[in-house]
$ cat start_2.tsv   # TSV, C-alpha atoms
chain	number	residue	atom	x	y	z
A	1	MET	CA	-4.38	12.84	-22.30
A	2	GLN	CA	-5.14	16.47	-21.52
A	3	ASN	CA	-3.46	19.74	-22.37
A	4	THR	CA	-3.13	21.49	-19.01
A	5	LYS	CA	-2.48	24.84	-20.77
A	6	ILE	CA	0.55	25.28	-18.49
A	7	GLU	CA	3.58	26.64	-20.32
A	8	TYR	CA	7.17	27.13	-19.24
A	9	GLY	CA	10.17	28.73	-20.84
A	10	SER	CA	13.56	27.05	-20.86
A	11	ASP	CA	14.73	29.72	-18.42
A	12	GLN	CA	12.04	28.65	-15.92
A	13	ARG	CA	12.19	24.85	-15.78
A	14	THR	CA	14.59	22.12	-16.93
A	15	PRO	CA	13.01	19.09	-18.65
A	16	VAL	CA	13.95	15.48	-17.94
A	17	VAL	CA	14.91	13.07	-20.74
A	18	LEU	CA	14.06	9.40	-20.20
A	19	PRO	CA	15.96	7.00	-22.50
A	20	GLU	CA	12.86	4.83	-22.95
A	21	MET	CA	10.93	7.84	-24.27
A	22	GLU	CA	13.78	9.23	-26.40
A	23	GLN	CA	14.51	5.81	-27.92
A	24	LEU	CA	10.88	4.90	-28.59
A	25	LEU	CA	11.04	6.09	-32.21
A	26	PRO	CA	13.81	5.49	-34.76
A	27	THR	CA	16.58	8.09	-34.63
A	28	LEU	CA	16.63	10.74	-37.33
A	29	SER	CA	19.11	10.24	-40.15
A	30	GLY	CA	22.07	12.60	-40.25
A	31	GLU	CA	20.44	14.50	-43.10
A	32	GLN	CA	17.12	14.83	-41.27
A	33	PHE	CA	18.78	16.06	-38.08
A	34	SER	CA	20.91	18.58	-40.02
A	35	SER	CA	17.79	19.90	-41.75
A	36	LEU	CA	16.01	20.34	-38.40
A	37	GLU	CA	19.08	21.99	-36.90
A	38	SER	CA	19.36	24.45	-39.80
A	39	ASP	CA	15.68	25.36	-39.51
A	40	ILE	CA	15.91	26.02	-35.77
A	41	LEU	CA	19.09	28.04	-36.16
A	42	GLU	CA	17.41	30.18	-38.81
A	43	ASN	CA	13.88	30.48	-37.40
A	44	GLY	CA	14.17	29.56	-33.74
A	45	CYS	CA	12.36	26.70	-31.97
A	46	TYR	CA	8.82	27.79	-32.87
A	47	THR	CA	7.25	24.40	-32.04
A	48	PRO	CA	6.95	23.82	-28.27
A	49	ILE	CA	8.38	20.74	-26.59
A	50	ILE	CA	5.72	18.60	-24.92
A	51	VAL	CA	6.41	17.45	-21.35
A	52	ASN	CA	4.29	15.66	-18.77
A	53	GLU	CA	3.55	16.91	-15.26
A	54	ASP	CA	6.88	15.49	-14.05
A	55	MET	CA	8.66	17.55	-16.73
A	56	VAL	CA	9.59	14.40	-18.70
A	57	VAL	CA	9.98	15.14	-22.43
A	58	ILE	CA	7.23	13.32	-24.32
A	59	ASP	CA	7.60	14.86	-27.78
A	60	GLY	CA	10.37	17.05	-29.15
A	61	HIS	CA	13.58	15.28	-28.13
A	62	ASN	CA	15.44	16.33	-31.26
A	63	ARG	CA	14.35	19.96	-30.93
A	64	PHE	CA	15.47	19.87	-27.31
A	65	ARG	CA	18.88	18.45	-28.28
A	66	VAL	CA	19.41	21.15	-30.93
A	67	CYS	CA	18.43	23.95	-28.55
A	68	GLU	CA	20.67	22.61	-25.78
A	69	LYS	CA	23.56	22.25	-28.22
A	70	HIS	CA	23.35	25.86	-29.36
A	71	GLY	CA	22.05	27.48	-26.18
A	72	LEU	CA	18.75	28.50	-27.78
A	73	PRO	CA	15.54	29.23	-25.84
A	74	TYR	CA	12.46	27.02	-26.23
A	75	ARG	CA	8.94	26.67	-24.84
A	76	MET	CA	7.44	23.68	-23.05
A	77	LEU	CA	3.75	22.77	-22.88
A	78	VAL	CA	2.59	20.51	-20.07
A	79	PHE	CA	0.28	17.63	-21.00
A	80	SER	CA	-1.29	15.30	-18.45
A	81	PHE	CA	-1.22	11.54	-19.14
A	82	ALA	CA	-2.69	8.66	-17.17
A	83	ASP	CA	0.68	6.91	-17.25
A	84	LEU	CA	3.85	6.61	-19.30
A	85	LEU	CA	2.24	4.05	-21.60
A	86	GLU	CA	-0.43	6.55	-22.62
A	87	ALA	CA	2.30	9.15	-23.14
A	88	LYS	CA	4.22	6.78	-25.42
A	89	GLN	CA	1.12	5.95	-27.43
A	90	TRP	CA	0.34	9.65	-27.84
A	91	ALA	CA	3.92	10.42	-28.93
A	92	LEU	CA	3.75	7.60	-31.47
A	93	ASP	CA	0.42	8.80	-32.88
A	94	THR	CA	1.83	12.32	-33.14
A	95	GLN	CA	5.03	11.26	-34.88
A	96	LYS	CA	3.55	8.69	-37.28
A	97	GLY	CA	2.26	11.45	-39.52
A	98	ARG	CA	5.65	13.18	-39.60
A	99	ARG	CA	8.03	10.26	-39.96
A	100	ASN	CA	6.50	8.06	-42.69
A	101	LEU	CA	7.33	4.92	-40.67
A	102	ASP	CA	6.96	1.56	-42.44
A	103	LYS	CA	5.27	-1.51	-40.93
A	104	TRP	CA	8.51	-3.11	-39.78
A	105	GLU	CA	9.51	0.06	-37.90
A	106	LEU	CA	6.03	0.32	-36.38
A	107	GLY	CA	6.18	-3.33	-35.33
A	108	LYS	CA	9.52	-2.79	-33.58
A	109	ILE	CA	8.07	0.20	-31.74
A	110	ALA	CA	5.13	-1.95	-30.63
A	111	LEU	CA	7.54	-4.52	-29.19
A	112	LYS	CA	9.07	-1.79	-27.02
A	113	LEU	CA	5.61	-1.27	-25.52
A	114	LYS	CA	5.00	-4.99	-25.01
A	115	PRO	CA	6.03	-5.21	-21.31
A	116	GLU	CA	3.76	-2.31	-20.34
A	117	ILE	CA	0.82	-3.58	-22.39
A	118	GLU	CA	1.18	-7.05	-20.86
A	119	ALA	CA	1.35	-5.54	-17.37
A	120	LYS	CA	-1.80	-3.55	-18.07
A	121	ALA	CA	-3.53	-6.69	-19.29
A	122	ARG	CA	-2.59	-8.49	-16.07
A	123	GLU	CA	-4.00	-5.60	-14.05
A	124	ASN	CA	-7.26	-5.80	-15.98
A	125	MET	CA	-7.41	-9.55	-15.44
A	126	SER	CA	-6.80	-9.11	-11.73
A	127	ALA	CA	-9.42	-6.39	-11.40
A	128	GLY	CA	-11.88	-8.59	-13.25
A	129	GLY	CA	-11.33	-11.54	-10.94
A	130	GLY	CA	-8.96	-13.50	-13.16
A	131	ASP	CA	-6.49	-16.13	-12.08
A	132	GLN	CA	-4.75	-13.69	-9.75
A	133	LYS	CA	-7.41	-11.53	-8.19
A	134	SER	CA	-6.73	-8.14	-6.69
A	135	GLU	CA	-7.33	-7.68	-2.99
A	136	GLY	CA	-10.43	-5.67	-3.81
A	137	ALA	CA	-11.84	-8.41	-6.01
A	138	LYS	CA	-11.07	-11.07	-3.43
A	139	SER	CA	-12.86	-9.15	-0.66
A	140	GLY	CA	-15.84	-8.43	-2.86
A	141	LEU	CA	-15.34	-4.67	-2.51
A	142	THR	CA	-14.60	-4.12	-6.20
A	143	ILE	CA	-17.79	-3.51	-8.14
A	144	LEU	CA	-17.42	-3.87	-11.91
A	145	SER	CA	-19.87	-2.22	-14.26
A	146	GLU	CA	-18.96	-4.70	-16.99
A	147	PRO	CA	-16.80	-7.82	-17.24
A	148	ILE	CA	-13.13	-7.42	-18.15
A	149	PHE	CA	-11.84	-10.03	-20.57
A	150	PRO	CA	-8.25	-11.15	-21.20
A	151	VAL	CA	-6.34	-8.92	-23.61
A	152	SER	CA	-4.62	-10.42	-26.66
A	153	THR	CA	-1.12	-8.95	-26.53
A	154	ARG	CA	-0.62	-9.35	-30.27
A	155	LYS	CA	-3.91	-7.62	-31.07
A	156	GLU	CA	-3.25	-4.84	-28.58
A	157	LEU	CA	0.24	-4.23	-29.98
A	158	ALA	CA	-1.11	-4.17	-33.53
A	159	ASN	CA	-3.83	-1.69	-32.60
A	160	THR	CA	-1.38	0.52	-30.74
A	161	VAL	CA	0.78	1.16	-33.80
A	162	GLY	CA	-1.90	0.77	-36.47
A	163	ILE	CA	-0.85	-2.38	-38.31
A	164	GLY	CA	-2.69	-5.67	-38.91
A	165	GLU	CA	-2.71	-8.35	-36.24
A	166	VAL	CA	-1.29	-10.96	-38.64
A	167	THR	CA	1.53	-8.59	-39.60
A	168	MET	CA	2.23	-7.95	-35.93
A	169	GLY	CA	2.41	-11.68	-35.35
A	170	LYS	CA	5.02	-12.02	-38.10
A	171	VAL	CA	7.06	-9.16	-36.62
A	172	MET	CA	6.99	-10.91	-33.24
A	173	GLN	CA	8.18	-14.17	-34.81
A	174	ILE	CA	10.98	-12.41	-36.70
A	175	HIS	CA	12.06	-10.54	-33.58
A	176	GLU	CA	12.15	-13.78	-31.59
A	177	TYR	CA	13.70	-16.21	-34.08
A	178	ALA	CA	15.19	-14.46	-37.14
A	179	PRO	CA	18.95	-14.58	-37.74
A	180	ALA	CA	20.78	-11.25	-37.75
A	181	ALA	CA	20.99	-11.10	-41.57
A	182	VAL	CA	17.20	-11.07	-41.85
A	183	LYS	CA	16.75	-8.31	-39.28
A	184	GLU	CA	19.47	-6.19	-40.88
A	185	ALA	CA	17.85	-6.54	-44.31
A	186	LEU	CA	14.49	-5.51	-42.87
A	187	ASP	CA	16.06	-2.50	-41.14
A	188	SER	CA	17.60	-1.37	-44.44
A	189	GLY	CA	14.36	-1.90	-46.36
A	190	GLU	CA	15.79	-4.66	-48.54
A	191	LEU	CA	13.23	-7.23	-47.37
A	192	SER	CA	9.51	-7.06	-46.75
A	193	ILE	CA	8.01	-8.45	-43.55
A	194	ASN	CA	6.55	-11.37	-45.51
A	195	GLN	CA	9.93	-12.20	-47.04
A	196	GLY	CA	11.66	-11.93	-43.67
A	197	TYR	CA	9.03	-14.13	-42.04
A	198	ASN	CA	9.27	-16.79	-44.76
A	199	ILE	CA	13.06	-16.95	-44.53
A	200	THR	CA	12.86	-17.15	-40.74
A	201	ARG	CA	10.36	-19.98	-40.90
A	202	GLN	CA	12.43	-21.92	-43.44
A	203	VAL	CA	15.78	-21.67	-41.66
A	204	ARG	CA	14.26	-22.68	-38.31
A	205	GLU	CA	13.87	-26.17	-39.77
A	206	LEU	CA	17.66	-26.40	-40.25
A	207	PRO	CA	20.25	-27.36	-37.63
A	208	GLU	CA	21.11	-24.32	-35.52
A	209	GLU	CA	24.71	-24.09	-36.78
A	210	GLN	CA	23.45	-23.70	-40.38
A	211	ARG	CA	20.80	-21.05	-39.81
A	212	GLU	CA	22.90	-17.87	-39.95
A	213	GLU	CA	24.68	-18.77	-43.19
A	214	SER	CA	21.52	-20.09	-44.83
A	215	ALA	CA	19.60	-16.96	-43.85
A	216	ALA	CA	22.34	-14.72	-45.30
A	217	LEU	CA	22.23	-16.66	-48.59
A	218	ALA	CA	18.42	-16.46	-48.69
A	219	VAL	CA	18.58	-12.69	-48.15
A	220	GLU	CA	21.07	-12.32	-51.01
A	221	LEU	CA	18.78	-14.40	-53.22
A	222	GLU	CA	15.83	-12.11	-52.46
A	223	LYS	CA	17.98	-9.06	-53.25
A	224	ALA	CA	18.98	-10.64	-56.57
A	225	LYS	CA	15.33	-11.33	-57.42
A	226	LYS	CA	14.52	-7.71	-56.63
A	227	GLU	CA	17.26	-6.48	-58.97
A	228	ILE	CA	16.04	-8.81	-61.75
A	229	LYS	CA	12.52	-7.42	-61.37
A	230	LYS	CA	13.92	-3.90	-61.66
A	231	LEU	CA	15.82	-4.83	-64.81
A	232	ASP	CA	12.74	-6.53	-66.28
A	233	ALA	CA	10.67	-3.45	-65.52
A	234	GLU	CA	13.28	-1.23	-67.18
A	235	ILE	CA	13.37	-3.47	-70.26
A	236	ASP	CA	9.56	-3.38	-70.49
A	237	ARG	CA	9.66	0.41	-70.18
A	238	ARG	CA	12.21	0.73	-72.99
A	239	HIS	CA	10.20	-1.64	-75.21
A	240	LYS	CA	7.10	0.47	-74.68
A	241	ILE	CA	9.01	3.65	-75.52
A	242	ALA	CA	10.44	1.99	-78.64
A	243	GLY	CA	6.93	0.82	-79.64
A	244	LEU	CA	5.50	4.31	-79.20
A	245	PHE	CA	8.36	5.78	-81.23
A	246	CYS	CA	7.72	3.32	-84.08
A	247	LYS	CA	4.00	4.10	-84.12
A	248	ALA	CA	4.71	7.83	-84.09
A	249	TYR	CA	7.19	7.41	-86.96
A	250	GLU	CA	4.67	5.38	-89.01
A	251	ARG	CA	2.03	8.06	-88.54
A	252	ALA	CA	4.50	10.76	-89.50
A	253	VAL	CA	5.33	8.91	-92.73
A	254	LEU	CA	1.64	8.53	-93.59
A	255	LEU	CA	1.04	12.26	-93.00
A	256	THR	CA	4.05	13.38	-95.08
A	257	PRO	CA	2.85	14.82	-98.44
A	258	THR	CA	3.96	12.80	-101.47
A	259	ALA	CA	5.69	14.82	-104.18
A	260	HIS	CA	3.83	14.62	-107.60
A	261	PRO	CA	5.72	14.91	-110.93

$ encode --input "start_2.tsv" --output "structure tokens"
Amino acid sequence: MQNTKIEYGSDQRTPVVLPEMEQLLPTLSGEQFSSLESDILENGCYTPIIVNEDMVVIDGHNRFRVCEKHGLPYRMLVFSFADLLEAKQWALDTQKGRRNLDKWELGKIALKLKPEIEAKARENMSAGGGDQKSEGAKSGLTILSEPIFPVSTRKELANTVGIGEVTMGKVMQIHEYAPAAVKEALDSGELSINQGYNITRQVRELPEEQREESAALAVELEKAKKEIKKLDAEIDRRHKIAGLFCKAYERAVLLTPTAHP
């Protein structure tokens, strides 16, 4: 990635929006979008929109949408990327600090990059003389300074979004095999990845026609456990407060002067 230092105004060039770039990250909530819209309406679009050399929007889709909606001017900075995969990885790294994305959301983003990462791995294998050699490798014209080894897709995906390889593996299993109820609960934050993975693994042992209902019941059970833990924590908190109050009262009694006849 390189900042070319080239800048355009919205009156000079028109950017291009690719769905695969715009949909890479989770959409803003209604509240988040309204907050951004209010800020831009009040202060203008002071943060430039990042585009590549083909004028494809890489970062700033929501700012672009707000400006287009209200006919507001904006600036565009041109960054150079080796390919669209590098652009996506850069956009993700840039947004991670702003969005507070959890591991499940990061894992789903990684899965969107899976086809491109696998294609890149195949290219590396071919260039290194793997099972399907490139024409250059076959002819002996390709000179490699160091050997290129097969890329673990799971590891590469995990590294791309900054989560553990084991966690990425669980996300992949959930994405592939989990019933809808599990995925919906993960999307809403009602299940952890570990819980979702365990439910998925358990229901896969059941006949297919029983999996959806069993998964939904298991999700409800996990929600109930979560509520019980909250109640237990609240009871513990109230007991502690009551204990502190009693101790404070006892000390107050001891410090109260006794009236003498």

$ residues_around --input "start_2.tsv" --residues "Lys88 in chain A" --least-positions-apart "3" --cutoff "9 Å" --atoms "all atoms listed in the file" --output "list in words"
Met21, Leu24, Ile58, Asp83, Leu84, Leu85, Ala91, Leu92, Asp93 and Leu113 of chain A

$ residues_around --input "start_2.tsv" --residues "range 163-178 of chain A" --least-positions-apart "3" --cutoff "9 Å" --atoms "all atoms listed in the file" --output "PDB file with C-alpha atoms, keeping the file's coordinate frame"
ATOM      1  CA  LYS A 103       5.270  -1.510 -40.930  1.00  0.00           C
ATOM      2  CA  TRP A 104       8.510  -3.110 -39.780  1.00  0.00           C
ATOM      3  CA  LEU A 106       6.030   0.320 -36.380  1.00  0.00           C
ATOM      4  CA  GLY A 107       6.180  -3.330 -35.330  1.00  0.00           C
ATOM      5  CA  LYS A 108       9.520  -2.790 -33.580  1.00  0.00           C
ATOM      6  CA  ALA A 110       5.130  -1.950 -30.630  1.00  0.00           C
ATOM      7  CA  LEU A 111       7.540  -4.520 -29.190  1.00  0.00           C
ATOM      8  CA  ARG A 154      -0.620  -9.350 -30.270  1.00  0.00           C
ATOM      9  CA  LYS A 155      -3.910  -7.620 -31.070  1.00  0.00           C
ATOM     10  CA  GLU A 156      -3.250  -4.840 -28.580  1.00  0.00           C
ATOM     11  CA  LEU A 157       0.240  -4.230 -29.980  1.00  0.00           C
ATOM     12  CA  ALA A 158      -1.110  -4.170 -33.530  1.00  0.00           C
ATOM     13  CA  ASN A 159      -3.830  -1.690 -32.600  1.00  0.00           C
ATOM     14  CA  THR A 160      -1.380   0.520 -30.740  1.00  0.00           C
ATOM     15  CA  ALA A 181      20.990 -11.100 -41.570  1.00  0.00           C
ATOM     16  CA  VAL A 182      17.200 -11.070 -41.850  1.00  0.00           C
ATOM     17  CA  LYS A 183      16.750  -8.310 -39.280  1.00  0.00           C
ATOM     18  CA  ILE A 193       8.010  -8.450 -43.550  1.00  0.00           C
ATOM     19  CA  ASN A 194       6.550 -11.370 -45.510  1.00  0.00           C
ATOM     20  CA  GLY A 196      11.660 -11.930 -43.670  1.00  0.00           C
ATOM     21  CA  TYR A 197       9.030 -14.130 -42.040  1.00  0.00           C
ATOM     22  CA  ILE A 199      13.060 -16.950 -44.530  1.00  0.00           C
ATOM     23  CA  THR A 200      12.860 -17.150 -40.740  1.00  0.00           C
ATOM     24  CA  ARG A 201      10.360 -19.980 -40.900  1.00  0.00           C
ATOM     25  CA  VAL A 203      15.780 -21.670 -41.660  1.00  0.00           C
ATOM     26  CA  ARG A 204      14.260 -22.680 -38.310  1.00  0.00           C
ATOM     27  CA  GLU A 212      22.900 -17.870 -39.950  1.00  0.00           C
ATOM     28  CA  ALA A 215      19.600 -16.960 -43.850  1.00  0.00           C
TER      29      ALA A 215
END

$ atom_distance --input "start_2.tsv" --atom1 "CA of Val161 in chain A" --atom2 "CA of Asp59 in chain A"
16.4 Å

$ atom_distance --input "start_2.tsv" --atom1 "CA of Val219 in chain A" --atom2 "CA of Ala185 in chain A"
7.3 Å

$ residues_around --input "start_2.tsv" --residues "range 36-44 of chain A" --least-positions-apart "2" --cutoff "9 Å" --atoms "all atoms listed in the file" --output "ChimeraX atom specification"
/A:31-34,46-47,62-63,66-67,70,72-74

$ atom_distance --input "start_2.tsv" --atom1 "CA of Gln202 in chain A" --atom2 "CA of Lys225 in chain A"
17.8 Å

$ closest_residue --input "start_2.tsv" --among "A:Gln195, A:Gln12, A:Asn52, A:Gln23" --to "Phe79 in chain A" --atoms "all atoms listed in the file"
A:Asn52

$ decode --input "start_2.tsv" --residues "range 1-13 of chain A" --atoms "all heavy atoms" --output "mmCIF file, in the first residue's frame"
data_model
loop_
_atom_site.group_PDB
_atom_site.id
_atom_site.type_symbol
_atom_site.label_atom_id
_atom_site.label_comp_id
_atom_site.auth_asym_id
_atom_site.auth_seq_id
_atom_site.Cartn_x
_atom_site.Cartn_y
_atom_site.Cartn_z
ATOM 1 N N MET A 1 0.835 -1.192 0.000
ATOM 2 C CA MET A 1 0.000 0.000 0.000
ATOM 3 C C MET A 1 0.870 1.243 0.000
ATOM 4 O O MET A 1 1.882 1.307 0.692
ATOM 5 C CB MET A 1 -0.902 -0.017 1.241
ATOM 6 C CG MET A 1 -1.925 1.120 1.296
ATOM 7 S SD MET A 1 -1.289 2.681 1.934
ATOM 8 C CE MET A 1 -0.857 2.254 3.606
ATOM 9 N N GLN A 2 0.467 2.247 -0.774
ATOM 10 C CA GLN A 2 1.218 3.496 -0.833
ATOM 11 C C GLN A 2 0.263 4.661 -1.058
ATOM 12 O O GLN A 2 -0.636 4.588 -1.896
ATOM 13 C CB GLN A 2 2.255 3.442 -1.957
ATOM 14 C CG GLN A 2 3.091 4.710 -2.067
ATOM 15 C CD GLN A 2 4.076 4.634 -3.220
ATOM 16 O OE1 GLN A 2 4.086 3.671 -3.977
ATOM 17 N NE2 GLN A 2 4.910 5.648 -3.369
ATOM 18 N N ASN A 3 0.472 5.713 -0.304
ATOM 19 C CA ASN A 3 -0.290 6.939 -0.510
ATOM 20 C C ASN A 3 0.337 7.689 -1.677
ATOM 21 O O ASN A 3 1.475 8.133 -1.601
ATOM 22 C CB ASN A 3 -0.254 7.788 0.759
ATOM 23 C CG ASN A 3 -1.109 9.049 0.642
ATOM 24 O OD1 ASN A 3 -1.582 9.401 -0.429
ATOM 25 N ND2 ASN A 3 -1.295 9.736 1.762
ATOM 26 N N THR A 4 -0.381 7.806 -2.766
ATOM 27 C CA THR A 4 0.173 8.454 -3.963
ATOM 28 C C THR A 4 0.231 9.969 -3.823
ATOM 29 O O THR A 4 0.815 10.637 -4.685
ATOM 30 C CB THR A 4 -0.673 8.118 -5.202
ATOM 31 O OG1 THR A 4 -1.958 8.736 -5.086
ATOM 32 C CG2 THR A 4 -0.831 6.611 -5.363
ATOM 33 N N LYS A 5 -0.407 10.518 -2.787
ATOM 34 C CA LYS A 5 -0.492 11.964 -2.556
ATOM 35 C C LYS A 5 -1.402 12.670 -3.566
ATOM 36 O O LYS A 5 -1.493 13.897 -3.568
ATOM 37 C CB LYS A 5 0.891 12.624 -2.584
ATOM 38 C CG LYS A 5 1.934 11.963 -1.693
ATOM 39 C CD LYS A 5 1.583 12.064 -0.228
ATOM 40 C CE LYS A 5 2.702 11.462 0.634
ATOM 41 N NZ LYS A 5 2.364 11.485 2.073
ATOM 42 N N ILE A 6 -2.053 11.884 -4.426
ATOM 43 C CA ILE A 6 -2.991 12.472 -5.393
ATOM 44 C C ILE A 6 -4.327 12.698 -4.694
ATOM 45 O O ILE A 6 -4.817 11.832 -3.980
ATOM 46 C CB ILE A 6 -3.177 11.543 -6.609
ATOM 47 C CG1 ILE A 6 -1.854 11.352 -7.342
ATOM 48 C CG2 ILE A 6 -4.237 12.094 -7.554
ATOM 49 C CD1 ILE A 6 -1.915 10.303 -8.437
ATOM 50 N N GLU A 7 -4.910 13.860 -4.908
ATOM 51 C CA GLU A 7 -6.179 14.194 -4.262
ATOM 52 C C GLU A 7 -7.141 14.766 -5.292
ATOM 53 O O GLU A 7 -6.754 15.542 -6.159
ATOM 54 C CB GLU A 7 -5.947 15.198 -3.131
ATOM 55 C CG GLU A 7 -7.207 15.578 -2.387
ATOM 56 C CD GLU A 7 -6.935 16.480 -1.182
ATOM 57 O OE1 GLU A 7 -5.833 16.399 -0.606
ATOM 58 O OE2 GLU A 7 -7.834 17.260 -0.832
ATOM 59 N N TYR A 8 -8.392 14.356 -5.171
ATOM 60 C CA TYR A 8 -9.440 14.876 -6.041
ATOM 61 C C TYR A 8 -10.583 15.405 -5.192
ATOM 62 O O TYR A 8 -10.834 14.919 -4.083
ATOM 63 C CB TYR A 8 -9.999 13.786 -6.970
ATOM 64 C CG TYR A 8 -9.016 13.214 -7.955
ATOM 65 C CD1 TYR A 8 -8.585 11.891 -7.838
ATOM 66 C CD2 TYR A 8 -8.548 13.979 -9.016
ATOM 67 C CE1 TYR A 8 -7.693 11.347 -8.763
ATOM 68 C CE2 TYR A 8 -7.652 13.438 -9.941
ATOM 69 C CZ TYR A 8 -7.228 12.133 -9.807
ATOM 70 O OH TYR A 8 -6.339 11.601 -10.702
ATOM 71 N N GLY A 9 -11.302 16.367 -5.747
ATOM 72 C CA GLY A 9 -12.534 16.822 -5.141
ATOM 73 C C GLY A 9 -13.695 16.114 -5.793
ATOM 74 O O GLY A 9 -13.574 15.572 -6.902
ATOM 75 N N SER A 10 -14.835 16.102 -5.124
ATOM 76 C CA SER A 10 -16.003 15.410 -5.671
ATOM 77 C C SER A 10 -16.511 16.067 -6.944
ATOM 78 O O SER A 10 -17.284 15.458 -7.695
ATOM 79 C CB SER A 10 -17.123 15.357 -4.626
ATOM 80 O OG SER A 10 -17.386 16.656 -4.109
ATOM 81 N N ASP A 11 -16.073 17.300 -7.203
ATOM 82 C CA ASP A 11 -16.456 17.978 -8.439
ATOM 83 C C ASP A 11 -15.518 17.626 -9.597
ATOM 84 O O ASP A 11 -15.760 18.014 -10.738
ATOM 85 C CB ASP A 11 -16.477 19.491 -8.237
ATOM 86 C CG ASP A 11 -15.136 20.042 -7.787
ATOM 87 O OD1 ASP A 11 -14.321 19.267 -7.230
ATOM 88 O OD2 ASP A 11 -14.886 21.245 -7.976
ATOM 89 N N GLN A 12 -14.424 16.871 -9.284
ATOM 90 C CA GLN A 12 -13.450 16.520 -10.314
ATOM 91 C C GLN A 12 -13.599 15.085 -10.817
ATOM 92 O O GLN A 12 -13.473 14.809 -12.002
ATOM 93 C CB GLN A 12 -12.026 16.711 -9.769
ATOM 94 C CG GLN A 12 -11.687 18.155 -9.416
ATOM 95 C CD GLN A 12 -10.324 18.250 -8.758
ATOM 96 O OE1 GLN A 12 -10.130 17.745 -7.652
ATOM 97 N NE2 GLN A 12 -9.372 18.881 -9.445
ATOM 98 N N ARG A 13 -13.812 14.156 -9.891
ATOM 99 C CA ARG A 13 -13.916 12.743 -10.255
ATOM 100 C C ARG A 13 -15.085 12.105 -9.513
ATOM 101 O O ARG A 13 -15.472 12.551 -8.420
ATOM 102 C CB ARG A 13 -12.619 11.989 -9.899
ATOM 103 C CG ARG A 13 -11.370 12.499 -10.604
ATOM 104 C CD ARG A 13 -11.371 12.151 -12.088
ATOM 105 N NE ARG A 13 -11.327 10.717 -12.318
ATOM 106 C CZ ARG A 13 -10.207 10.001 -12.393
ATOM 107 N NH1 ARG A 13 -9.020 10.587 -12.239
ATOM 108 N NH2 ARG A 13 -10.251 8.711 -12.645
#
